[in-house]
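Have a look at target_39.cif below; it lists mmCIF, N, CA and C atoms.
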data_target
loop_
_atom_site.label_atom_id
_atom_site.label_comp_id
_atom_site.auth_asym_id
_atom_site.auth_seq_id
_atom_site.Cartn_x
_atom_site.Cartn_y
_atom_site.Cartn_z
N MET V 1 129.99 111.87 71.17
CA MET V 1 129.93 113.30 71.29
C MET V 1 130.67 113.94 70.12
N ARG V 2 130.06 114.98 69.59
CA ARG V 2 130.64 115.69 68.47
C ARG V 2 130.56 117.18 68.75
N ILE V 3 131.67 117.88 68.55
CA ILE V 3 131.69 119.33 68.74
C ILE V 3 131.20 119.96 67.44
N SER V 4 130.21 120.83 67.55
CA SER V 4 129.64 121.46 66.36
C SER V 4 130.56 122.55 65.82
N THR V 5 130.20 123.04 64.65
CA THR V 5 130.92 124.16 64.05
C THR V 5 130.90 125.35 64.99
N LYS V 6 129.78 125.58 65.64
CA LYS V 6 129.67 126.70 66.57
C LYS V 6 130.71 126.61 67.68
N GLY V 7 130.87 125.44 68.27
CA GLY V 7 131.85 125.26 69.34
C GLY V 7 133.28 125.44 68.84
N ARG V 8 133.56 124.91 67.66
CA ARG V 8 134.91 125.05 67.08
C ARG V 8 135.20 126.51 66.74
N TYR V 9 134.23 127.19 66.12
CA TYR V 9 134.44 128.59 65.76
C TYR V 9 134.53 129.47 67.00
N ALA V 10 133.77 129.17 68.02
CA ALA V 10 133.86 129.95 69.27
C ALA V 10 135.24 129.81 69.88
N THR V 11 135.80 128.63 69.83
CA THR V 11 137.15 128.41 70.36
C THR V 11 138.17 129.18 69.53
N ARG V 12 138.03 129.15 68.22
CA ARG V 12 138.94 129.90 67.35
C ARG V 12 138.80 131.41 67.56
N LEU V 13 137.58 131.87 67.74
CA LEU V 13 137.32 133.29 68.00
C LEU V 13 137.99 133.72 69.30
N MET V 14 137.79 132.94 70.35
CA MET V 14 138.38 133.27 71.64
C MET V 14 139.91 133.20 71.57
N LEU V 15 140.44 132.24 70.83
CA LEU V 15 141.89 132.16 70.66
C LEU V 15 142.41 133.38 69.92
N ASP V 16 141.71 133.81 68.89
CA ASP V 16 142.13 135.00 68.15
C ASP V 16 142.16 136.21 69.07
N LEU V 17 141.14 136.37 69.90
CA LEU V 17 141.13 137.49 70.86
C LEU V 17 142.25 137.35 71.87
N ALA V 18 142.57 136.13 72.26
CA ALA V 18 143.68 135.90 73.20
C ALA V 18 145.02 136.23 72.55
N LEU V 19 145.17 135.91 71.27
CA LEU V 19 146.40 136.22 70.55
C LEU V 19 146.61 137.74 70.46
N HIS V 20 145.53 138.48 70.48
CA HIS V 20 145.57 139.94 70.38
C HIS V 20 145.16 140.61 71.69
N TYR V 21 145.39 139.91 72.77
CA TYR V 21 144.93 140.36 74.10
C TYR V 21 145.42 141.77 74.44
N ASP V 22 146.64 142.08 74.11
CA ASP V 22 147.22 143.38 74.47
C ASP V 22 147.02 144.45 73.40
N CYS V 23 146.17 144.18 72.43
CA CYS V 23 145.98 145.11 71.31
C CYS V 23 144.70 145.94 71.43
N GLY V 24 144.04 145.90 72.55
CA GLY V 24 142.79 146.64 72.70
C GLY V 24 141.62 145.89 72.10
N PHE V 25 140.63 146.65 71.69
CA PHE V 25 139.43 146.05 71.11
C PHE V 25 139.70 145.64 69.66
N ILE V 26 139.27 144.43 69.33
CA ILE V 26 139.53 143.86 68.01
C ILE V 26 138.21 143.81 67.23
N PRO V 27 138.18 144.42 66.04
CA PRO V 27 136.96 144.36 65.23
C PRO V 27 136.63 142.91 64.84
N LEU V 28 135.37 142.57 64.94
CA LEU V 28 134.94 141.21 64.60
C LEU V 28 135.23 140.89 63.13
N LYS V 29 135.15 141.91 62.30
CA LYS V 29 135.44 141.71 60.87
C LYS V 29 136.90 141.25 60.67
N ALA V 30 137.83 141.78 61.47
CA ALA V 30 139.24 141.38 61.38
C ALA V 30 139.40 139.91 61.78
N VAL V 31 138.69 139.51 62.83
CA VAL V 31 138.73 138.11 63.27
C VAL V 31 138.16 137.23 62.17
N ALA V 32 137.04 137.64 61.60
CA ALA V 32 136.39 136.86 60.54
C ALA V 32 137.34 136.66 59.36
N GLN V 33 138.06 137.71 58.99
CA GLN V 33 139.00 137.60 57.87
C GLN V 33 140.16 136.67 58.22
N ARG V 34 140.74 136.85 59.41
CA ARG V 34 141.87 136.00 59.80
C ARG V 34 141.47 134.54 59.91
N GLN V 35 140.27 134.30 60.40
CA GLN V 35 139.81 132.94 60.64
C GLN V 35 139.05 132.34 59.46
N ASN V 36 138.79 133.16 58.46
CA ASN V 36 138.03 132.71 57.29
C ASN V 36 136.67 132.14 57.71
N ILE V 37 135.99 132.92 58.54
CA ILE V 37 134.67 132.56 59.04
C ILE V 37 133.73 133.72 58.73
N SER V 38 132.52 133.42 58.36
CA SER V 38 131.52 134.45 58.09
C SER V 38 131.37 135.38 59.29
N ASP V 39 131.42 136.70 59.03
CA ASP V 39 131.25 137.63 60.14
C ASP V 39 129.83 137.57 60.71
N LYS V 40 128.87 137.20 59.89
CA LYS V 40 127.49 137.06 60.37
C LYS V 40 127.39 135.90 61.38
N TYR V 41 128.10 134.81 61.08
CA TYR V 41 128.09 133.66 62.00
C TYR V 41 128.83 134.02 63.29
N LEU V 42 129.94 134.75 63.15
CA LEU V 42 130.69 135.16 64.34
C LEU V 42 129.87 136.11 65.21
N GLU V 43 129.03 136.92 64.60
CA GLU V 43 128.16 137.82 65.37
C GLU V 43 127.24 137.03 66.29
N GLN V 44 126.72 135.93 65.78
CA GLN V 44 125.85 135.08 66.61
C GLN V 44 126.63 134.48 67.78
N ILE V 45 127.84 134.03 67.49
CA ILE V 45 128.66 133.39 68.51
C ILE V 45 129.13 134.41 69.54
N ILE V 46 129.55 135.60 69.09
CA ILE V 46 130.07 136.61 70.01
C ILE V 46 128.97 137.09 70.94
N THR V 47 127.73 137.10 70.47
CA THR V 47 126.60 137.48 71.33
C THR V 47 126.48 136.51 72.49
N GLN V 48 126.60 135.24 72.20
CA GLN V 48 126.52 134.21 73.24
C GLN V 48 127.68 134.34 74.23
N LEU V 49 128.88 134.58 73.71
CA LEU V 49 130.06 134.72 74.57
C LEU V 49 129.98 136.01 75.41
N SER V 50 129.41 137.04 74.83
CA SER V 50 129.23 138.30 75.55
C SER V 50 128.24 138.14 76.69
N ARG V 51 127.13 137.47 76.42
CA ARG V 51 126.12 137.22 77.47
C ARG V 51 126.70 136.40 78.62
N ALA V 52 127.65 135.53 78.29
CA ALA V 52 128.28 134.71 79.32
C ALA V 52 129.36 135.47 80.08
N GLY V 53 129.65 136.70 79.64
CA GLY V 53 130.65 137.51 80.31
C GLY V 53 132.08 137.21 79.90
N PHE V 54 132.26 136.51 78.80
CA PHE V 54 133.60 136.15 78.33
C PHE V 54 134.28 137.29 77.59
N VAL V 55 133.49 138.13 76.91
CA VAL V 55 134.02 139.24 76.13
C VAL V 55 133.24 140.50 76.45
N ARG V 56 133.87 141.64 76.16
CA ARG V 56 133.17 142.93 76.25
C ARG V 56 133.36 143.63 74.92
N SER V 57 132.47 144.58 74.67
CA SER V 57 132.51 145.26 73.39
C SER V 57 132.64 146.76 73.58
N ALA V 58 133.10 147.41 72.53
CA ALA V 58 133.16 148.87 72.47
C ALA V 58 132.71 149.27 71.07
N ARG V 59 131.94 150.33 71.01
CA ARG V 59 131.46 150.83 69.72
C ARG V 59 132.40 151.91 69.21
N GLY V 60 132.23 152.22 67.95
CA GLY V 60 132.98 153.32 67.36
C GLY V 60 134.16 152.87 66.53
N ALA V 61 134.95 153.86 66.10
CA ALA V 61 136.07 153.61 65.20
C ALA V 61 137.11 152.67 65.81
N GLN V 62 137.34 152.77 67.10
CA GLN V 62 138.30 151.91 67.78
C GLN V 62 137.61 150.74 68.48
N GLY V 63 136.38 150.48 68.08
CA GLY V 63 135.57 149.46 68.73
C GLY V 63 135.90 148.05 68.30
N GLY V 64 135.22 147.15 68.95
CA GLY V 64 135.40 145.73 68.68
C GLY V 64 135.17 144.94 69.95
N TYR V 65 135.90 143.85 70.09
CA TYR V 65 135.73 142.95 71.23
C TYR V 65 137.07 142.65 71.86
N GLN V 66 137.03 142.36 73.14
CA GLN V 66 138.21 141.89 73.84
C GLN V 66 137.78 140.98 74.98
N LEU V 67 138.70 140.14 75.42
CA LEU V 67 138.42 139.24 76.54
C LEU V 67 138.21 140.05 77.81
N THR V 68 137.34 139.57 78.67
CA THR V 68 137.13 140.26 79.95
C THR V 68 138.14 139.84 81.01
N LYS V 69 138.78 138.69 80.78
CA LYS V 69 139.80 138.19 81.71
C LYS V 69 141.04 137.80 80.92
N ARG V 70 142.10 137.55 81.63
CA ARG V 70 143.35 137.11 80.98
C ARG V 70 143.14 135.74 80.34
N PRO V 71 143.87 135.42 79.26
CA PRO V 71 143.69 134.14 78.56
C PRO V 71 143.84 132.90 79.44
N GLU V 72 144.66 132.96 80.46
CA GLU V 72 144.83 131.78 81.32
C GLU V 72 143.61 131.50 82.20
N LYS V 73 142.66 132.41 82.22
CA LYS V 73 141.44 132.24 83.04
C LYS V 73 140.31 131.52 82.30
N TYR V 74 140.49 131.27 81.01
CA TYR V 74 139.47 130.58 80.21
C TYR V 74 139.96 129.19 79.84
N THR V 75 139.11 128.20 80.02
CA THR V 75 139.45 126.86 79.53
C THR V 75 138.63 126.57 78.27
N VAL V 76 139.11 125.63 77.50
CA VAL V 76 138.37 125.18 76.33
C VAL V 76 137.01 124.64 76.79
N GLY V 77 136.97 123.99 77.94
CA GLY V 77 135.71 123.48 78.47
C GLY V 77 134.71 124.59 78.74
N ASP V 78 135.18 125.73 79.28
CA ASP V 78 134.29 126.88 79.52
C ASP V 78 133.64 127.33 78.22
N ILE V 79 134.46 127.45 77.19
CA ILE V 79 133.99 127.95 75.90
C ILE V 79 133.01 126.96 75.27
N LEU V 80 133.37 125.68 75.29
CA LEU V 80 132.50 124.67 74.67
C LEU V 80 131.17 124.53 75.41
N ARG V 81 131.21 124.55 76.73
CA ARG V 81 129.94 124.42 77.47
C ARG V 81 129.04 125.64 77.25
N THR V 82 129.65 126.80 77.04
CA THR V 82 128.86 128.01 76.79
C THR V 82 128.17 127.93 75.44
N THR V 83 128.85 127.39 74.45
CA THR V 83 128.27 127.35 73.11
C THR V 83 127.57 126.03 72.78
N GLU V 84 128.02 124.94 73.37
CA GLU V 84 127.47 123.62 73.06
C GLU V 84 126.47 123.12 74.09
N GLY V 85 126.57 123.63 75.31
CA GLY V 85 125.78 123.06 76.39
C GLY V 85 126.56 121.90 77.01
N SER V 86 125.88 120.90 77.43
CA SER V 86 126.52 119.75 78.08
C SER V 86 127.46 119.03 77.12
N LEU V 87 128.57 118.56 77.66
CA LEU V 87 129.51 117.75 76.87
C LEU V 87 129.33 116.27 77.17
N SER V 88 128.28 115.94 77.88
CA SER V 88 128.00 114.56 78.24
C SER V 88 127.68 113.73 77.00
N PRO V 89 128.23 112.51 76.92
CA PRO V 89 127.96 111.68 75.74
C PRO V 89 126.55 111.09 75.72
N VAL V 90 125.87 111.04 76.87
CA VAL V 90 124.52 110.50 76.95
C VAL V 90 123.68 111.36 77.89
N SER V 91 122.39 111.43 77.61
CA SER V 91 121.52 112.30 78.40
C SER V 91 121.35 111.85 79.85
N CYS V 92 121.50 110.55 80.11
CA CYS V 92 121.27 110.09 81.48
C CYS V 92 122.33 110.60 82.46
N LEU V 93 123.45 111.11 81.96
CA LEU V 93 124.48 111.67 82.83
C LEU V 93 124.29 113.16 83.10
N GLU V 94 123.46 113.80 82.31
CA GLU V 94 123.23 115.23 82.47
C GLU V 94 122.45 115.49 83.73
N ALA V 95 122.71 116.63 84.34
CA ALA V 95 122.07 116.98 85.61
C ALA V 95 120.55 116.96 85.51
N ASN V 96 120.00 117.44 84.41
CA ASN V 96 118.55 117.47 84.25
C ASN V 96 118.06 116.37 83.31
N GLY V 97 118.89 115.37 83.06
CA GLY V 97 118.56 114.30 82.14
C GLY V 97 117.57 113.29 82.69
N GLY V 98 117.29 113.39 83.97
CA GLY V 98 116.36 112.44 84.56
C GLY V 98 117.03 111.13 84.85
N THR V 99 116.27 110.22 85.36
CA THR V 99 116.80 108.91 85.70
C THR V 99 116.22 107.89 84.74
N CYS V 100 117.08 107.10 84.20
CA CYS V 100 116.67 106.04 83.29
C CYS V 100 116.08 104.90 84.13
N GLU V 101 115.09 104.24 83.60
CA GLU V 101 114.49 103.11 84.33
C GLU V 101 115.48 101.97 84.52
N MET V 102 116.53 101.97 83.72
CA MET V 102 117.55 100.92 83.82
C MET V 102 118.65 101.28 84.83
N ALA V 103 118.62 102.48 85.37
CA ALA V 103 119.70 102.98 86.23
C ALA V 103 120.15 102.02 87.33
N PRO V 104 119.24 101.37 88.04
CA PRO V 104 119.69 100.51 89.14
C PRO V 104 120.56 99.32 88.70
N THR V 105 120.39 98.88 87.47
CA THR V 105 121.16 97.72 87.02
C THR V 105 122.07 98.01 85.83
N CYS V 106 122.09 99.25 85.39
CA CYS V 106 122.85 99.60 84.18
C CYS V 106 124.35 99.61 84.45
N VAL V 107 125.06 98.83 83.68
CA VAL V 107 126.52 98.84 83.79
C VAL V 107 127.16 99.67 82.68
N THR V 108 126.42 99.91 81.58
CA THR V 108 127.00 100.71 80.49
C THR V 108 127.17 102.17 80.90
N VAL V 109 126.39 102.62 81.86
CA VAL V 109 126.52 104.01 82.31
C VAL V 109 127.93 104.28 82.84
N GLU V 110 128.58 103.24 83.33
CA GLU V 110 129.96 103.39 83.81
C GLU V 110 130.90 103.74 82.65
N VAL V 111 130.65 103.16 81.48
CA VAL V 111 131.45 103.46 80.29
C VAL V 111 131.23 104.92 79.89
N TRP V 112 129.96 105.33 79.86
CA TRP V 112 129.64 106.70 79.46
C TRP V 112 130.25 107.70 80.45
N GLN V 113 130.23 107.33 81.72
CA GLN V 113 130.81 108.21 82.74
C GLN V 113 132.32 108.36 82.54
N GLN V 114 132.98 107.26 82.20
CA GLN V 114 134.43 107.33 81.97
C GLN V 114 134.75 108.19 80.74
N ILE V 115 133.91 108.10 79.72
CA ILE V 115 134.10 108.94 78.53
C ILE V 115 133.92 110.40 78.90
N GLU V 116 132.86 110.70 79.64
CA GLU V 116 132.60 112.08 80.06
C GLU V 116 133.76 112.61 80.91
N ASP V 117 134.23 111.80 81.84
CA ASP V 117 135.35 112.22 82.71
C ASP V 117 136.61 112.50 81.89
N ALA V 118 136.87 111.65 80.89
CA ALA V 118 138.06 111.84 80.05
C ALA V 118 137.97 113.13 79.25
N VAL V 119 136.81 113.38 78.64
CA VAL V 119 136.61 114.61 77.86
C VAL V 119 136.77 115.82 78.76
N ASN V 120 136.10 115.81 79.91
CA ASN V 120 136.19 116.94 80.83
C ASN V 120 137.61 117.16 81.30
N SER V 121 138.33 116.10 81.53
CA SER V 121 139.72 116.21 81.97
C SER V 121 140.57 116.94 80.94
N VAL V 122 140.33 116.66 79.68
CA VAL V 122 141.10 117.32 78.61
C VAL V 122 140.68 118.78 78.48
N VAL V 123 139.40 119.03 78.24
CA VAL V 123 138.96 120.40 77.93
C VAL V 123 139.05 121.34 79.12
N ASP V 124 139.02 120.80 80.33
CA ASP V 124 139.09 121.66 81.51
C ASP V 124 140.52 121.95 81.96
N HIS V 125 141.48 121.36 81.27
CA HIS V 125 142.88 121.60 81.64
C HIS V 125 143.67 122.29 80.53
N ILE V 126 143.00 122.71 79.48
CA ILE V 126 143.65 123.46 78.41
C ILE V 126 143.06 124.86 78.42
N THR V 127 143.91 125.85 78.64
CA THR V 127 143.47 127.24 78.68
C THR V 127 143.74 127.93 77.35
N LEU V 128 143.16 129.12 77.20
CA LEU V 128 143.49 129.91 76.02
C LEU V 128 144.97 130.26 76.01
N ALA V 129 145.55 130.49 77.17
CA ALA V 129 146.99 130.78 77.24
C ALA V 129 147.80 129.59 76.71
N ASP V 130 147.37 128.37 77.03
CA ASP V 130 148.04 127.18 76.49
C ASP V 130 147.94 127.15 74.97
N LEU V 131 146.77 127.49 74.44
CA LEU V 131 146.59 127.49 72.99
C LEU V 131 147.42 128.58 72.32
N VAL V 132 147.53 129.74 72.97
CA VAL V 132 148.37 130.82 72.44
C VAL V 132 149.81 130.33 72.35
N LYS V 133 150.28 129.67 73.40
CA LYS V 133 151.65 129.15 73.41
C LYS V 133 151.84 128.13 72.28
N ARG V 134 150.88 127.23 72.12
CA ARG V 134 150.96 126.22 71.05
C ARG V 134 150.95 126.88 69.67
N TYR V 135 150.14 127.91 69.55
CA TYR V 135 150.05 128.64 68.29
C TYR V 135 151.43 129.20 67.91
N HIS V 136 152.10 129.83 68.87
CA HIS V 136 153.40 130.43 68.60
C HIS V 136 154.48 129.37 68.35
N GLU V 137 154.31 128.20 68.90
CA GLU V 137 155.27 127.11 68.68
C GLU V 137 155.14 126.51 67.28
N LYS V 138 153.92 126.53 66.73
CA LYS V 138 153.68 125.95 65.41
C LYS V 138 154.12 126.95 64.35
N ALA V 139 155.04 126.54 63.54
CA ALA V 139 155.50 127.34 62.39
C ALA V 139 155.86 128.77 62.78
N GLY V 140 156.37 128.96 63.98
CA GLY V 140 156.83 130.27 64.40
C GLY V 140 155.73 131.31 64.47
N GLY V 141 154.49 130.85 64.70
CA GLY V 141 153.38 131.78 64.79
C GLY V 141 152.74 132.10 63.46
N ASP V 142 153.31 131.57 62.35
CA ASP V 142 152.73 131.81 61.04
C ASP V 142 151.59 130.85 60.74
N TYR V 143 151.38 129.92 61.62
CA TYR V 143 150.33 128.91 61.47
C TYR V 143 148.97 129.59 61.56
N VAL V 144 148.08 129.27 60.66
CA VAL V 144 146.73 129.85 60.64
C VAL V 144 145.78 128.91 61.34
N ILE V 145 145.05 129.41 62.32
CA ILE V 145 144.09 128.60 63.04
C ILE V 145 142.81 128.46 62.26
#

For the structure just supplied, provide its representation as structure tokens.
Amino acid sequence: MRISTKGRYATRLMLDLALHYDCGFIPLKAVAQRQNISDKYLEQIITQLSRAGFVRSARGAQGGYQLTKRPEKYTVGDILRTTEGSLSPVSCLEANGGTCEMAPTCVTVEVWQQIEDAVNSVVDHITLADLVKRYHEKAGGDYVI
């Protein structure tokens, strides 16, 4: 399993919004500059996050984006599944992946299941609030994500 640029940038975008949670609406251009990510690419990602109900937007001079919930309510797993889809290492474990003809005797599926469980355990137990805390611990908050 490999996390794409989209998933990584979505996590950085959400973290940036979490870091500025109490600052009102944040212009996407400001996030793009801080994160050194194309604002055009962030527009694509923010649309997906908005449709999922993770962020809300406001137009105008004071417009931008903000989280719809507190940072502790979002997990890295939520963000990655929204942008990446399934985090399963193999299609036979996915809900709509169908059944492999080897399923009745397959022992390797147990390995894939353990990998999936391990990944889910990590990403589903790290919140944006945890990342904000880690951010402030690294280099006194001067660390660039």

Going by DSSP on the backbone, which bits of segment 65-140 of chain V are helix (DSSP H, G or I)? Write them as a PyMOL selection string, please. chain V and resi 71-73+76-84+91-93+108-123+128-140

Starting from the displayed file, determine the output of the PyMOL selection byres (((chain V and resi 23 and name CA) around 12) and name CA) and express the residue list as a list of chain:residue names. V:Asp16, V:Leu17, V:Ala18, V:Leu19, V:His20, V:Tyr21, V:Asp22, V:Gly24, V:Phe25, V:Ile26, V:Pro27, V:Gln62, V:Gly63, V:Gly64, V:Tyr65, V:Gln66, V:Leu67

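The space between atom N of Ala10 of chain V and atom N of Asp39 of chain V spans 12.0 Å.
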
Need the shell around Ser38 of chain V: protein/DNA/RNA residues with any atom at most 12 Å away, counting only C-alpha atoms. Skip same-chain ones fewer than 3 positions apart. Format as a JSON list (two decimals) with N, CA and C atoms, in the coordinates of the input?
[["chain", "number", "residue", "atom", "x", "y", "z"],
["V", 5, "THR", "N", 130.20, 123.04, 64.65],
["V", 5, "THR", "CA", 130.92, 124.16, 64.05],
["V", 5, "THR", "C", 130.90, 125.35, 64.99],
["V", 6, "LYS", "N", 129.78, 125.58, 65.64],
["V", 6, "LYS", "CA", 129.67, 126.70, 66.57],
["V", 6, "LYS", "C", 130.71, 126.61, 67.68],
["V", 9, "TYR", "N", 134.23, 127.19, 66.12],
["V", 9, "TYR", "CA", 134.44, 128.59, 65.76],
["V", 9, "TYR", "C", 134.53, 129.47, 67.00],
["V", 13, "LEU", "N", 137.58, 131.87, 67.74],
["V", 13, "LEU", "CA", 137.32, 133.29, 68.00],
["V", 13, "LEU", "C", 137.99, 133.72, 69.30],
["V", 28, "LEU", "N", 135.37, 142.57, 64.94],
["V", 28, "LEU", "CA", 134.94, 141.21, 64.60],
["V", 28, "LEU", "C", 135.23, 140.89, 63.13],
["V", 29, "LYS", "N", 135.15, 141.91, 62.30],
["V", 29, "LYS", "CA", 135.44, 141.71, 60.87],
["V", 29, "LYS", "C", 136.90, 141.25, 60.67],
["V", 30, "ALA", "N", 137.83, 141.78, 61.47],
["V", 30, "ALA", "CA", 139.24, 141.38, 61.38],
["V", 30, "ALA", "C", 139.40, 139.91, 61.78],
["V", 31, "VAL", "N", 138.69, 139.51, 62.83],
["V", 31, "VAL", "CA", 138.73, 138.11, 63.27],
["V", 31, "VAL", "C", 138.16, 137.23, 62.17],
["V", 32, "ALA", "N", 137.04, 137.64, 61.60],
["V", 32, "ALA", "CA", 136.39, 136.86, 60.54],
["V", 32, "ALA", "C", 137.34, 136.66, 59.36],
["V", 33, "GLN", "N", 138.06, 137.71, 58.99],
["V", 33, "GLN", "CA", 139.00, 137.60, 57.87],
["V", 33, "GLN", "C", 140.16, 136.67, 58.22],
["V", 34, "ARG", "N", 140.74, 136.85, 59.41],
["V", 34, "ARG", "CA", 141.87, 136.00, 59.80],
["V", 34, "ARG", "C", 141.47, 134.54, 59.91],
["V", 35, "GLN", "N", 140.27, 134.30, 60.40],
["V", 35, "GLN", "CA", 139.81, 132.94, 60.64],
["V", 35, "GLN", "C", 139.05, 132.34, 59.46],
["V", 41, "TYR", "N", 128.10, 134.81, 61.08],
["V", 41, "TYR", "CA", 128.09, 133.66, 62.00],
["V", 41, "TYR", "C", 128.83, 134.02, 63.29],
["V", 42, "LEU", "N", 129.94, 134.75, 63.15],
["V", 42, "LEU", "CA", 130.69, 135.16, 64.34],
["V", 42, "LEU", "C", 129.87, 136.11, 65.21],
["V", 43, "GLU", "N", 129.03, 136.92, 64.60],
["V", 43, "GLU", "CA", 128.16, 137.82, 65.37],
["V", 43, "GLU", "C", 127.24, 137.03, 66.29],
["V", 44, "GLN", "N", 126.72, 135.93, 65.78],
["V", 44, "GLN", "CA", 125.85, 135.08, 66.61],
["V", 44, "GLN", "C", 126.63, 134.48, 67.78],
["V", 45, "ILE", "N", 127.84, 134.03, 67.49],
["V", 45, "ILE", "CA", 128.66, 133.39, 68.51],
["V", 45, "ILE", "C", 129.13, 134.41, 69.54]]

Please return as a PyMOL selection string: the residues of segment 14-109 of chain V that backbone DSSP assigns to strand (DSSP E). chain V and resi 55-58+64-67

Sorted per-residue table, segment 35-103 of chain V near segment 110-117 of chain V, closest atoms and distance, 7 Å, only N, CA and C atoms, as CSV:
residue,atom,partner,partner_atom,distance
V:Leu87,C,V:Glu116,CA,6.0
V:Ser88,CA,V:Glu116,CA,5.5
V:Pro89,N,V:Glu116,CA,5.4
V:Val90,N,V:Trp112,CA,6.3

Interatomic distance, atom C of Leu131 of chain V to atom C of Ala61 of chain V (Å, one decimal): 27.0 Å

Restricting to all atoms listed in the file, whichever of V:Leu93, V:Val76, V:Ile37, V:Ala52 is closest to Ile126 of chain V is V:Val76

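Atom C of Thr75 of chain V to atom C of Ser121 of chain V spans 10.2 Å [interatomic distance, one decimal].
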
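With only C-alpha atoms as the basis for measurement, V:Glu84 is the residue among V:Glu84, V:Ala103, V:Arg134, V:Thr108 that approaches Gly7 of chain V most closely.
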
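Taking all atoms listed in the file into account, Gly77 of chain V lies nearest to V:Val122 out of the set V:Val122, V:Ile46, V:Met102, V:Ala58.
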